[in-house]
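Worksheet: one structure, shown below.
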Amino acid sequence: NAGVTQTPKFQVLKTGQSMTLQCAQDMNHNSMYWYRQDPGMGLRLIYYSASEGTTDKGEVPNGYNVSRLNKREFSLRLESAAPSQTSVYFCASSERTATDTQYFGPGTRLTVL
Amino acid sequence: AQSVAQPEDQVNVAEGNPLTVKCTYSVSGNPYLFWYVQYPNRGLQFLLKYITGDNLVKGSYGFEAEFNKSQTSFHLKKPSALVSDSALYFCAVRLSYGNNRLAFGKGNQVVVIP
């Protein structure tokens, strides 16, 4: 099993450009999450999906949109990137709820110039 | 506000010495508490969790954590640190709202000195 995979690994954008971060899991998990990691701030939840077809805002959703395409895939879209969105983005999944063990992808390092 | 605090930025410990990483929490209701570890350029990995029962929880790689309700703490411990334990450690707590979301602390960098 590959676990949780994310693409791309690295990305540089100019302010105002758009992009989609892709995430897929092969563990048949119901819940999926997008976090951002910034130095000294830990992980902050952007959006999550408790099941296929549902999505909810997390702590820092502004400037982002998500799509739970199917049970396996959960994408994060930046419509108009801003320098404040420079961060490392992690996708995670868990079997049912957040209190089940979360499995994390390797991360995407995004720089917005 | 519901949250988790990791008061130290960095913990330095000599190889072979006991390692402690501190975590305190503030949450409504019964706390569900977690520790995750992040090695360089990797995603987070689950170490252990407390849901209910015995206050001493044992986890992966020889780590354990003690839940202390009166002090609202959940400190991570290892009796004898290894150089390979050098990593970023995150404490997390389940929030009582938002479909069982987790709130993560800011993380503690652990440096084990050979």
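Note on naming: chains are A, B, ... as they come in the structure tokens, residues start from 1 per chain, ligands start from 1 in the order shown.
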>> Near chain A, meaning an atom within 6 Å, which residues of chain B appear when counting only C-alpha atoms? Write them as a list of chain:residue names.
In response: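 Within 6 Å of chain A on chain B, we get B:Arg42, B:Gly43, B:Leu44, B:Asn100, B:Arg101, B:Phe104, B:Gly105, B:Lys106, B:Gly107.
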Selected residues written out, C-alpha atoms, as a tab-separated table (two decimals), in the first residue's frame:
```
chain	number	residue	atom	x	y	z
B	42	ARG	CA	8.44	13.76	6.09
B	43	GLY	CA	4.77	13.79	7.06
B	44	LEU	CA	3.66	13.24	10.63
B	100	ASN	CA	-14.05	15.45	16.14
B	101	ARG	CA	-11.37	17.69	14.71
B	104	PHE	CA	-2.25	20.53	17.18
B	105	GLY	CA	0.33	22.26	19.33
B	106	LYS	CA	3.14	24.24	17.71
B	107	GLY	CA	5.58	21.38	18.02
```
Would you tabulate, counting only C-alpha atoms, all residues of segment 47-105 of chain B that have an atom at most 6 Å from an atom of segment 16-20 of chain B, showing the closest pair of atoms and their distance in Å to one decimal, sorted by chain then ascending number, as CSV?
```
residue,atom,partner,partner_atom,distance
B:Leu76,CA,B:Thr20,CA,5.6
B:Lys77,CA,B:Thr20,CA,4.5
B:Lys78,CA,B:Leu19,CA,5.1
B:Pro79,CA,B:Pro18,CA,4.5
B:Ser80,CA,B:Gly16,CA,4.5
B:Ala81,CA,B:Gly16,CA,5.0
```
Could those residues be written to a file, using C-alpha atoms, as a PDB file, in the first residue's frame?
```
ATOM      1  CA  LEU B  76       5.671  12.373  26.338  1.00  0.00           C
ATOM      2  CA  LYS B  77       8.526  10.354  27.777  1.00  0.00           C
ATOM      3  CA  LYS B  78      11.244   7.937  26.788  1.00  0.00           C
ATOM      4  CA  PRO B  79      13.559   6.363  29.370  1.00  0.00           C
ATOM      5  CA  SER B  80      16.681   6.404  27.179  1.00  0.00           C
ATOM      6  CA  ALA B  81      16.915   8.733  24.187  1.00  0.00           C
TER       7      ALA B  81
END
```
Proximity of segment 37-107 of chain A to segment 16-28 of chain A: per-residue shortest pair, 8 Å limit, only C-alpha atoms, as a Markdown table:
```
| residue | atom | partner | partner_atom | distance |
| --- | --- | --- | --- | --- |
| A:Lys71 | CA | A:Asn28 | CA | 7.2 |
| A:Arg72 | CA | A:Gln25 | CA | 5.2 |
| A:Glu73 | CA | A:Ala24 | CA | 4.4 |
| A:Phe74 | CA | A:Cys23 | CA | 5.4 |
| A:Ser75 | CA | A:Gln22 | CA | 4.7 |
| A:Leu76 | CA | A:Leu21 | CA | 5.1 |
| A:Arg77 | CA | A:Thr20 | CA | 4.3 |
| A:Leu78 | CA | A:Ser18 | CA | 5.3 |
| A:Glu79 | CA | A:Ser18 | CA | 4.6 |
| A:Ser80 | CA | A:Gly16 | CA | 4.3 |
| A:Ala81 | CA | A:Gly16 | CA | 4.9 |
| A:Ala82 | CA | A:Gly16 | CA | 6.5 |
| A:Cys91 | CA | A:Cys23 | CA | 6.3 |
| A:Ser93 | CA | A:Gln25 | CA | 7.2 |
| A:Glu95 | CA | A:Asn28 | CA | 7.3 |
| A:Gly105 | CA | A:Cys23 | CA | 8.0 |
```
Take the selection from the previous step and output its residues with all heavy atoms, as a CSV table (one decimal), in the first residue's frame.
```csv
chain,number,residue,atom,x,y,z
A,71,LYS,N,-14.0,8.5,-2.8
A,71,LYS,CA,-13.5,8.1,-1.5
A,71,LYS,C,-12.0,8.2,-1.4
A,71,LYS,O,-11.4,8.5,-0.3
A,71,LYS,CB,-14.0,6.7,-1.2
A,71,LYS,CG,-13.8,6.4,0.3
A,71,LYS,CD,-14.5,5.0,0.6
A,71,LYS,CE,-14.4,4.8,2.1
A,71,LYS,NZ,-15.1,3.5,2.5
A,72,ARG,N,-11.3,8.0,-2.5
A,72,ARG,CA,-9.8,8.0,-2.5
A,72,ARG,C,-9.2,9.4,-2.5
A,72,ARG,O,-8.1,9.6,-2.0
A,72,ARG,CB,-9.3,7.2,-3.7
A,72,ARG,CG,-9.5,5.7,-3.6
A,72,ARG,CD,-8.8,5.1,-4.8
A,72,ARG,NE,-7.3,5.3,-4.7
A,72,ARG,CZ,-6.6,6.0,-5.5
A,72,ARG,NH1,-7.2,6.7,-6.5
A,72,ARG,NH2,-5.3,6.1,-5.4
A,73,GLU,N,-9.8,10.3,-3.2
A,73,GLU,CA,-9.1,11.6,-3.6
A,73,GLU,C,-9.8,12.8,-3.0
A,73,GLU,O,-11.0,13.0,-2.9
A,73,GLU,CB,-9.1,11.7,-5.1
A,73,GLU,CG,-8.4,10.6,-5.8
A,73,GLU,CD,-8.6,10.7,-7.3
A,73,GLU,OE1,-9.7,10.4,-7.8
A,73,GLU,OE2,-7.6,11.0,-8.0
A,74,PHE,N,-8.9,13.7,-2.5
A,74,PHE,CA,-9.3,15.0,-1.9
A,74,PHE,C,-8.3,16.1,-2.3
A,74,PHE,O,-7.2,16.0,-1.9
A,74,PHE,CB,-9.3,14.8,-0.4
A,74,PHE,CG,-9.9,15.9,0.5
A,74,PHE,CD1,-11.0,16.5,0.1
A,74,PHE,CD2,-9.3,16.2,1.7
A,74,PHE,CE1,-11.6,17.5,0.9
A,74,PHE,CE2,-9.8,17.2,2.5
A,74,PHE,CZ,-11.0,17.9,2.1
A,75,SER,N,-8.8,17.0,-3.1
A,75,SER,CA,-7.9,18.0,-3.7
A,75,SER,C,-8.1,19.3,-3.0
A,75,SER,O,-9.2,19.7,-2.5
A,75,SER,CB,-8.1,18.1,-5.2
A,75,SER,OG,-9.5,18.5,-5.5
A,76,LEU,N,-7.1,20.1,-3.0
A,76,LEU,CA,-7.1,21.5,-2.4
A,76,LEU,C,-6.7,22.5,-3.5
A,76,LEU,O,-5.7,22.3,-4.2
A,76,LEU,CB,-6.1,21.6,-1.3
A,76,LEU,CG,-5.9,22.9,-0.6
A,76,LEU,CD1,-7.1,23.2,0.2
A,76,LEU,CD2,-4.6,22.9,0.3
A,77,ARG,N,-7.5,23.5,-3.7
A,77,ARG,CA,-7.3,24.4,-4.8
A,77,ARG,C,-7.1,25.8,-4.2
A,77,ARG,O,-7.8,26.3,-3.3
A,77,ARG,CB,-8.5,24.5,-5.8
A,77,ARG,CG,-8.3,25.4,-6.9
A,77,ARG,CD,-9.1,25.1,-8.1
A,77,ARG,NE,-8.9,26.1,-9.2
A,77,ARG,CZ,-7.9,26.0,-10.1
A,77,ARG,NH1,-7.1,25.0,-10.1
A,77,ARG,NH2,-7.8,26.9,-11.1
A,78,LEU,N,-6.1,26.5,-4.8
A,78,LEU,CA,-5.8,27.9,-4.5
A,78,LEU,C,-6.2,28.7,-5.8
A,78,LEU,O,-5.6,28.5,-6.8
A,78,LEU,CB,-4.3,28.2,-4.2
A,78,LEU,CG,-3.8,27.7,-2.9
A,78,LEU,CD1,-3.7,26.2,-2.8
A,78,LEU,CD2,-2.4,28.3,-2.6
A,79,GLU,N,-7.2,29.4,-5.7
A,79,GLU,CA,-7.8,30.1,-6.9
A,79,GLU,C,-6.9,31.3,-7.3
A,79,GLU,O,-6.7,31.6,-8.4
A,79,GLU,CB,-9.2,30.6,-6.6
A,79,GLU,CG,-10.2,29.5,-6.5
A,79,GLU,CD,-10.4,28.8,-7.9
A,79,GLU,OE1,-9.9,29.3,-8.9
A,79,GLU,OE2,-11.1,27.8,-7.9
A,80,SER,N,-6.4,32.1,-6.3
A,80,SER,CA,-5.6,33.2,-6.6
A,80,SER,C,-4.5,33.3,-5.4
A,80,SER,O,-4.8,33.8,-4.4
A,80,SER,CB,-6.4,34.5,-6.6
A,80,SER,OG,-5.6,35.6,-6.8
A,81,ALA,N,-3.4,32.7,-5.7
A,81,ALA,CA,-2.4,32.5,-4.7
A,81,ALA,C,-1.8,33.8,-4.1
A,81,ALA,O,-1.6,34.8,-4.9
A,81,ALA,CB,-1.2,31.7,-5.2
A,82,ALA,N,-1.6,33.9,-2.8
A,82,ALA,CA,-1.0,35.0,-2.2
A,82,ALA,C,0.2,34.6,-1.4
A,82,ALA,O,0.4,33.5,-1.0
A,82,ALA,CB,-2.0,35.6,-1.2
A,91,CYS,N,-1.7,16.5,3.5
A,91,CYS,CA,-3.0,15.8,3.4
A,91,CYS,C,-2.9,14.6,4.4
A,91,CYS,O,-1.8,14.0,4.6
A,91,CYS,CB,-3.2,15.3,2.0
A,91,CYS,SG,-4.7,14.3,1.7
A,93,SER,N,-5.4,11.2,6.2
A,93,SER,CA,-6.7,10.5,6.2
A,93,SER,C,-6.8,9.6,7.5
A,93,SER,O,-5.8,9.3,8.1
A,93,SER,CB,-6.8,9.5,5.0
A,93,SER,OG,-5.9,8.4,5.1
A,95,GLU,N,-9.6,6.5,9.4
A,95,GLU,CA,-10.6,5.5,9.0
A,95,GLU,C,-12.0,6.1,9.1
A,95,GLU,O,-12.8,5.9,8.2
A,95,GLU,CB,-10.5,4.3,9.9
A,95,GLU,CG,-11.4,3.1,9.5
A,95,GLU,CD,-11.1,1.9,10.3
A,95,GLU,OE1,-10.1,1.8,11.0
A,95,GLU,OE2,-11.9,0.9,10.1
A,105,GLY,N,0.4,12.3,4.3
A,105,GLY,CA,1.3,12.3,3.2
A,105,GLY,C,2.6,13.0,3.4
A,105,GLY,O,2.8,13.5,4.4
```
Would you pick out the contacts of Ser26 of chain B at 10 Å or less, using only C-alpha atoms, so that residues sharing its chain but fewer than 3 positions from it are not included, and give the list as a PDB file with all heavy atoms, in the first residue's frame?
```
ATOM      1  N   ALA B   1     -10.968  28.999  25.404  1.00  0.00           N
ATOM      2  CA  ALA B   1     -10.759  28.393  24.084  1.00  0.00           C
ATOM      3  C   ALA B   1     -10.105  27.020  24.260  1.00  0.00           C
ATOM      4  O   ALA B   1      -9.288  26.819  25.151  1.00  0.00           O
ATOM      5  CB  ALA B   1      -9.871  29.281  23.224  1.00  0.00           C
ATOM      6  N   GLN B   2     -10.502  26.111  23.404  1.00  0.00           N
ATOM      7  CA  GLN B   2      -9.924  24.773  23.470  1.00  0.00           C
ATOM      8  C   GLN B   2      -8.609  24.767  22.721  1.00  0.00           C
ATOM      9  O   GLN B   2      -8.544  25.230  21.577  1.00  0.00           O
ATOM     10  CB  GLN B   2     -10.897  23.771  22.875  1.00  0.00           C
ATOM     11  CG  GLN B   2     -12.231  23.749  23.616  1.00  0.00           C
ATOM     12  CD  GLN B   2     -13.170  22.709  23.074  1.00  0.00           C
ATOM     13  OE1 GLN B   2     -12.807  21.544  22.949  1.00  0.00           O
ATOM     14  NE2 GLN B   2     -14.372  23.117  22.741  1.00  0.00           N
ATOM     15  N   SER B   3      -7.588  24.231  23.339  1.00  0.00           N
ATOM     16  CA  SER B   3      -6.268  24.287  22.711  1.00  0.00           C
ATOM     17  C   SER B   3      -5.314  23.327  23.399  1.00  0.00           C
ATOM     18  O   SER B   3      -5.643  22.710  24.416  1.00  0.00           O
ATOM     19  CB  SER B   3      -5.697  25.709  22.813  1.00  0.00           C
ATOM     20  OG  SER B   3      -5.516  26.065  24.168  1.00  0.00           O
ATOM     21  N   VAL B   4      -4.142  23.240  22.822  1.00  0.00           N
ATOM     22  CA  VAL B   4      -3.062  22.461  23.417  1.00  0.00           C
ATOM     23  C   VAL B   4      -1.802  23.318  23.379  1.00  0.00           C
ATOM     24  O   VAL B   4      -1.600  24.067  22.415  1.00  0.00           O
ATOM     25  CB  VAL B   4      -2.875  21.114  22.673  1.00  0.00           C
ATOM     26  CG1 VAL B   4      -2.489  21.338  21.228  1.00  0.00           C
ATOM     27  CG2 VAL B   4      -1.875  20.248  23.376  1.00  0.00           C
ATOM     28  N   ALA B   5      -1.006  23.241  24.415  1.00  0.00           N
ATOM     29  CA  ALA B   5       0.188  24.065  24.509  1.00  0.00           C
ATOM     30  C   ALA B   5       1.419  23.188  24.690  1.00  0.00           C
ATOM     31  O   ALA B   5       1.408  22.245  25.492  1.00  0.00           O
ATOM     32  CB  ALA B   5       0.068  25.047  25.668  1.00  0.00           C
ATOM     33  N   GLY B  29     -15.098  18.705  28.233  1.00  0.00           N
ATOM     34  CA  GLY B  29     -15.401  17.288  28.284  1.00  0.00           C
ATOM     35  C   GLY B  29     -14.160  16.441  28.469  1.00  0.00           C
ATOM     36  O   GLY B  29     -13.084  16.912  28.837  1.00  0.00           O
ATOM     37  N   PRO B  31     -10.927  14.547  27.612  1.00  0.00           N
ATOM     38  CA  PRO B  31      -9.937  14.808  26.556  1.00  0.00           C
ATOM     39  C   PRO B  31      -9.512  13.543  25.834  1.00  0.00           C
ATOM     40  O   PRO B  31      -9.304  12.506  26.456  1.00  0.00           O
ATOM     41  CB  PRO B  31      -8.765  15.403  27.343  1.00  0.00           C
ATOM     42  CG  PRO B  31      -8.860  14.753  28.682  1.00  0.00           C
ATOM     43  CD  PRO B  31     -10.332  14.549  28.954  1.00  0.00           C
ATOM     44  N   THR B  72      -3.926  18.800  33.885  1.00  0.00           N
ATOM     45  CA  THR B  72      -4.282  18.901  32.452  1.00  0.00           C
ATOM     46  C   THR B  72      -3.049  18.777  31.573  1.00  0.00           C
ATOM     47  O   THR B  72      -2.760  19.623  30.711  1.00  0.00           O
ATOM     48  CB  THR B  72      -5.031  20.216  32.132  1.00  0.00           C
ATOM     49  OG1 THR B  72      -4.193  21.333  32.433  1.00  0.00           O
ATOM     50  CG2 THR B  72      -6.331  20.299  32.907  1.00  0.00           C
ATOM     51  N   SER B  73      -2.303  17.694  31.809  1.00  0.00           N
ATOM     52  CA  SER B  73      -1.068  17.498  31.047  1.00  0.00           C
ATOM     53  C   SER B  73      -1.033  16.116  30.418  1.00  0.00           C
ATOM     54  O   SER B  73      -1.716  15.179  30.866  1.00  0.00           O
ATOM     55  CB  SER B  73       0.154  17.688  31.957  1.00  0.00           C
ATOM     56  OG  SER B  73       0.227  16.656  32.915  1.00  0.00           O
ATOM     57  N   VAL B  93      -5.083  17.508  20.560  1.00  0.00           N
ATOM     58  CA  VAL B  93      -6.258  17.216  21.369  1.00  0.00           C
ATOM     59  C   VAL B  93      -7.499  17.254  20.495  1.00  0.00           C
ATOM     60  O   VAL B  93      -7.590  18.048  19.559  1.00  0.00           O
ATOM     61  CB  VAL B  93      -6.385  18.229  22.541  1.00  0.00           C
ATOM     62  CG1 VAL B  93      -6.642  19.640  22.031  1.00  0.00           C
ATOM     63  CG2 VAL B  93      -7.474  17.805  23.515  1.00  0.00           C
ATOM     64  N   LEU B  95     -11.054  18.315  19.587  1.00  0.00           N
ATOM     65  CA  LEU B  95     -11.949  19.406  19.945  1.00  0.00           C
ATOM     66  C   LEU B  95     -13.359  18.850  20.150  1.00  0.00           C
ATOM     67  O   LEU B  95     -13.735  17.853  19.544  1.00  0.00           O
ATOM     68  CB  LEU B  95     -11.955  20.465  18.836  1.00  0.00           C
ATOM     69  CG  LEU B  95     -10.597  21.123  18.558  1.00  0.00           C
ATOM     70  CD1 LEU B  95     -10.687  22.026  17.337  1.00  0.00           C
ATOM     71  CD2 LEU B  95     -10.122  21.901  19.769  1.00  0.00           C
TER      72      LEU B  95
END
```
>> To one decimal place in Å, what is the distance between atom CA of Tyr50 of chain B and atom CA of Ser94 of chain A?
In response: 16.6 Å
> Could you pull out the strand (DSSP E or B) residues of segment 4-103 of chain B from DSSP and send them as a PyMOL selection string?
Replying inline: chain B and resi 4-5+10-14+19-21+24-26+33-38+44-50+56-58+64-68+73-78+87-94+102-103
>> Counting only C-alpha atoms, which residue out of B:Phe74, B:Asp85, B:Pro114, B:Gln38 sits closest to Tyr61 of chain B?
In response: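 Once distances to Tyr61 of chain B are computed over only C-alpha atoms, the minimum belongs to B:Asp85.
Residue nearest Lys69 of chain B within the list B:Val112, B:Val11, B:Val27, B:Leu47: B:Val27 [criterion: smallest interatomic distance, only C-alpha atoms].
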> Leaving out Ala87 of chain B and any residue of its chain fewer than 6 positions from it, which residues lie within 10 Å of it when counting only C-alpha atoms, given as an MDAnalysis selection string?
Replying inline: chainID B and resid 37:40 107:112
What would the file look like if the residues just selected were written as a compact mmCIF listing (two decimals), in the first residue's frame with all heavy atoms?
```txt
# COMPACT_ATOMS: atom_id res chain seq x y z
N VAL B 37 4.93 12.40 15.59
CA VAL B 37 6.32 12.77 15.39
C VAL B 37 6.55 13.05 13.90
O VAL B 37 5.94 12.41 13.04
CB VAL B 37 7.29 11.67 15.89
CG1 VAL B 37 7.07 10.35 15.15
CG2 VAL B 37 8.74 12.11 15.77
N GLN B 38 7.40 14.04 13.63
CA GLN B 38 7.74 14.37 12.25
C GLN B 38 9.25 14.35 12.09
O GLN B 38 9.96 15.17 12.70
CB GLN B 38 7.19 15.75 11.88
CG GLN B 38 7.45 16.13 10.43
CD GLN B 38 6.91 17.50 10.08
OE1 GLN B 38 6.84 18.39 10.90
NE2 GLN B 38 6.51 17.69 8.83
N TYR B 39 9.74 13.44 11.25
CA TYR B 39 11.15 13.41 10.90
C TYR B 39 11.38 14.37 9.73
O TYR B 39 10.44 14.71 9.01
CB TYR B 39 11.57 11.99 10.57
CG TYR B 39 11.41 11.06 11.75
CD1 TYR B 39 10.34 10.19 11.84
CD2 TYR B 39 12.31 11.09 12.80
CE1 TYR B 39 10.17 9.35 12.93
CE2 TYR B 39 12.15 10.27 13.91
CZ TYR B 39 11.07 9.41 13.96
OH TYR B 39 10.90 8.61 15.05
N PRO B 40 12.62 14.82 9.54
CA PRO B 40 12.89 15.84 8.51
C PRO B 40 12.34 15.47 7.14
O PRO B 40 12.50 14.34 6.68
CB PRO B 40 14.42 15.91 8.51
CG PRO B 40 14.81 15.53 9.90
CD PRO B 40 13.82 14.48 10.32
N GLY B 107 4.49 22.32 18.25
CA GLY B 107 5.58 21.38 18.02
C GLY B 107 6.80 21.67 18.87
O GLY B 107 7.07 22.82 19.22
N ASN B 108 7.51 20.62 19.24
CA ASN B 108 8.78 20.74 19.98
C ASN B 108 9.87 20.06 19.18
O ASN B 108 9.73 18.88 18.81
CB ASN B 108 8.69 20.03 21.33
CG ASN B 108 7.99 20.86 22.37
OD1 ASN B 108 7.10 20.38 23.04
ND2 ASN B 108 8.40 22.10 22.51
N GLN B 109 10.95 20.78 18.92
CA GLN B 109 12.11 20.16 18.28
C GLN B 109 12.92 19.44 19.36
O GLN B 109 13.33 20.06 20.35
CB GLN B 109 12.97 21.22 17.60
CG GLN B 109 14.14 20.66 16.84
CD GLN B 109 13.70 19.85 15.64
OE1 GLN B 109 12.89 20.29 14.82
NE2 GLN B 109 14.23 18.64 15.52
N VAL B 110 13.14 18.18 19.17
CA VAL B 110 13.98 17.40 20.09
C VAL B 110 15.32 17.15 19.41
O VAL B 110 15.37 16.67 18.28
CB VAL B 110 13.31 16.07 20.46
CG1 VAL B 110 14.30 15.16 21.19
CG2 VAL B 110 12.08 16.32 21.32
N VAL B 111 16.38 17.48 20.10
CA VAL B 111 17.74 17.24 19.61
C VAL B 111 18.42 16.32 20.60
O VAL B 111 18.59 16.67 21.78
CB VAL B 111 18.53 18.55 19.46
CG1 VAL B 111 19.96 18.24 19.01
CG2 VAL B 111 17.84 19.48 18.48
N VAL B 112 18.79 15.13 20.14
CA VAL B 112 19.51 14.18 21.00
C VAL B 112 20.98 14.25 20.62
O VAL B 112 21.36 14.01 19.48
CB VAL B 112 18.98 12.74 20.82
CG1 VAL B 112 19.73 11.80 21.75
CG2 VAL B 112 17.48 12.70 21.10
```
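Excluding Tyr36 of chain B and any residue on its chain fewer than 6 positions from it, the residues at most 6 Å away by only C-alpha atoms are Gln45, Phe46, Leu47, Tyr89 and Phe90 of chain B.
Atom to atom, atom CA of Cys23 of chain B and atom CA of Asn62 of chain A stand 28.9 Å apart.
Minimum atom-to-atom distances from A:Lys14, A:Pro83, A:Asn1, A:Asn70 to Asn30 of chain A were compared using only C-alpha atoms, and the lowest value belongs to A:Asn70.
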> What is the atom CA of Pro7 of chain B-atom CA of Leu48 of chain B distance in Å, reported with one decimal?
Replying inline: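 So the two atoms, atom CA of Pro7 of chain B and atom CA of Leu48 of chain B, lie 19.8 Å apart.
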